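This report concerns only the one structure given below.
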Amino acid sequence: ARLATNMGYKPEDSLPKDIRDVGKVDCETGKCLFNPIVGEVYRRVSELLSIPRENFESLEFLRYKLGQHYQAHNDPAEDDQWESRQVGPGLRVMTVFFYFTDVQEGGETRFPEVGLQVKPEKGKIV
């Protein structure tokens with residue numbers, strides 16, 4: 001979120017604080033999308049997963065401060081939330097997490113349905 005904030009973007013959040021209490025910035029404008037760092041992230045993920053860039057959603061930068069959280073959830077996949085006539089990446093079938101900092105204590109990303117817990121470490125991708 002710091003990179004996005006330094007680029008002049010303001011945090012936004014449409015979910016209640018009991019569900020998501022985190023600094024969040026969406027990378028949807030040309031200024032963000034054409035940033036060289038953002039372009040390199042897209043390129044590397046595309047290469048790593050063998051998925052064309054056109055199938056990606058925009059990046060979201062999340063920054064957690066002490067005590068902030070994002071409750072466990074499944075991304076929506078209801079048929080009525082996506083029409084086949086829409087242009088764009090389609091329904092989300094995968095998410096890639098990048099960790100930009102080390103965390104001394106806490107901050108794990110939990111995947112409760114598979115019993116996995118990931119400790120944030122700078123440079124890690126999940």
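Just remember, in the structure tokens the first chain shown is A, the second B, etc., residues are 1-based per chain, and ligands are 1-based in the order shown.
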(request) Excluding stretch 41-47 of chain A and residues on its chain fewer than 2 positions from it, collect all residues at most 10 Å away from it, counting only C-alpha atoms, and give them as a list of chain:residue names. (result) A:Leu33, A:Pro36, A:Ile37, A:Val38, A:Gly39, A:Leu49, A:Ser50, A:Ile51, A:Pro52, A:Arg53, A:Glu54, A:Asn55, A:Phe56, A:Ser58, A:Leu59, A:Val96, A:Phe98, A:Ile125
(message) I'd like the neighbourhood of A:Thr101 as number ranges by chain, where a residue qualifies if any of its atoms comes within 9 Å (using only C-alpha atoms), though same-chain residues fewer than 3 positions away should be ignored.
(response) A: 120-123
Once you have the residues from the selection above, write them out as a PDB file, in the first residue's frame, restricted to all heavy atoms.
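Everything below was put into again37.pdb:
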```
ATOM      1  N   PRO A 120       4.273 -14.258   6.945  1.00  0.00           N
ATOM      2  CA  PRO A 120       4.792 -13.292   5.971  1.00  0.00           C
ATOM      3  C   PRO A 120       6.307 -13.141   6.080  1.00  0.00           C
ATOM      4  O   PRO A 120       6.844 -12.999   7.167  1.00  0.00           O
ATOM      5  CB  PRO A 120       4.085 -11.988   6.351  1.00  0.00           C
ATOM      6  CG  PRO A 120       3.528 -12.176   7.684  1.00  0.00           C
ATOM      7  CD  PRO A 120       3.467 -13.643   7.972  1.00  0.00           C
ATOM      8  N   GLU A 121       6.967 -13.227   4.938  1.00  0.00           N
ATOM      9  CA  GLU A 121       8.410 -13.010   4.855  1.00  0.00           C
ATOM     10  C   GLU A 121       8.673 -12.225   3.570  1.00  0.00           C
ATOM     11  O   GLU A 121       8.138 -12.553   2.509  1.00  0.00           O
ATOM     12  CB  GLU A 121       9.168 -14.342   4.798  1.00  0.00           C
ATOM     13  CG  GLU A 121       9.010 -15.163   6.061  1.00  0.00           C
ATOM     14  CD  GLU A 121       9.620 -16.568   5.914  1.00  0.00           C
ATOM     15  OE1 GLU A 121      10.110 -16.909   4.817  1.00  0.00           O
ATOM     16  OE2 GLU A 121       9.570 -17.311   6.899  1.00  0.00           O
ATOM     17  N   LYS A 122       9.483 -11.198   3.685  1.00  0.00           N
ATOM     18  CA  LYS A 122       9.787 -10.342   2.536  1.00  0.00           C
ATOM     19  C   LYS A 122      10.242 -11.181   1.350  1.00  0.00           C
ATOM     20  O   LYS A 122      11.124 -12.017   1.470  1.00  0.00           O
ATOM     21  CB  LYS A 122      10.870  -9.327   2.917  1.00  0.00           C
ATOM     22  CG  LYS A 122      11.144  -8.306   1.847  1.00  0.00           C
ATOM     23  CD  LYS A 122      12.138  -7.273   2.335  1.00  0.00           C
ATOM     24  CE  LYS A 122      12.357  -6.195   1.292  1.00  0.00           C
ATOM     25  NZ  LYS A 122      13.238  -5.144   1.777  1.00  0.00           N
ATOM     26  N   GLY A 123       9.587 -10.962   0.192  1.00  0.00           N
ATOM     27  CA  GLY A 123       9.944 -11.672  -1.023  1.00  0.00           C
ATOM     28  C   GLY A 123       9.170 -12.960  -1.267  1.00  0.00           C
ATOM     29  O   GLY A 123       9.251 -13.523  -2.342  1.00  0.00           O
TER      30      GLY A 123
END
```
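Between atom CA of A:Tyr64 and atom CA of A:Tyr99 there is a distance of 11.3 Å.
Nearest-residue note for A:His69: choosing from A:Thr29, A:Thr109, A:Gln104, A:Asn35, the minimum distance belongs to A:Thr109, counting only C-alpha atoms.
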(request) Can you work out which one of A:Glu113, A:Asp102, A:Glu60, A:Glu108 has the shortest atom-to-atom distance to A:Gly23, counting only C-alpha atoms? (result) A:Glu60
(message) Which of stretch 21-110 of chain A end up as alpha helix (DSSP H) when DSSP is run on this backbone - answer as a PyMOL selection string?
(response) chain A and resi 30-33+36-49
(request) Go through A:Val93, A:Phe61, A:Pro112, A:Gly67 one by one, measure the shortest atom-to-atom distance of each to A:Val25 using only C-alpha atoms, and give the residue with the smallest value. (result) A:Phe61
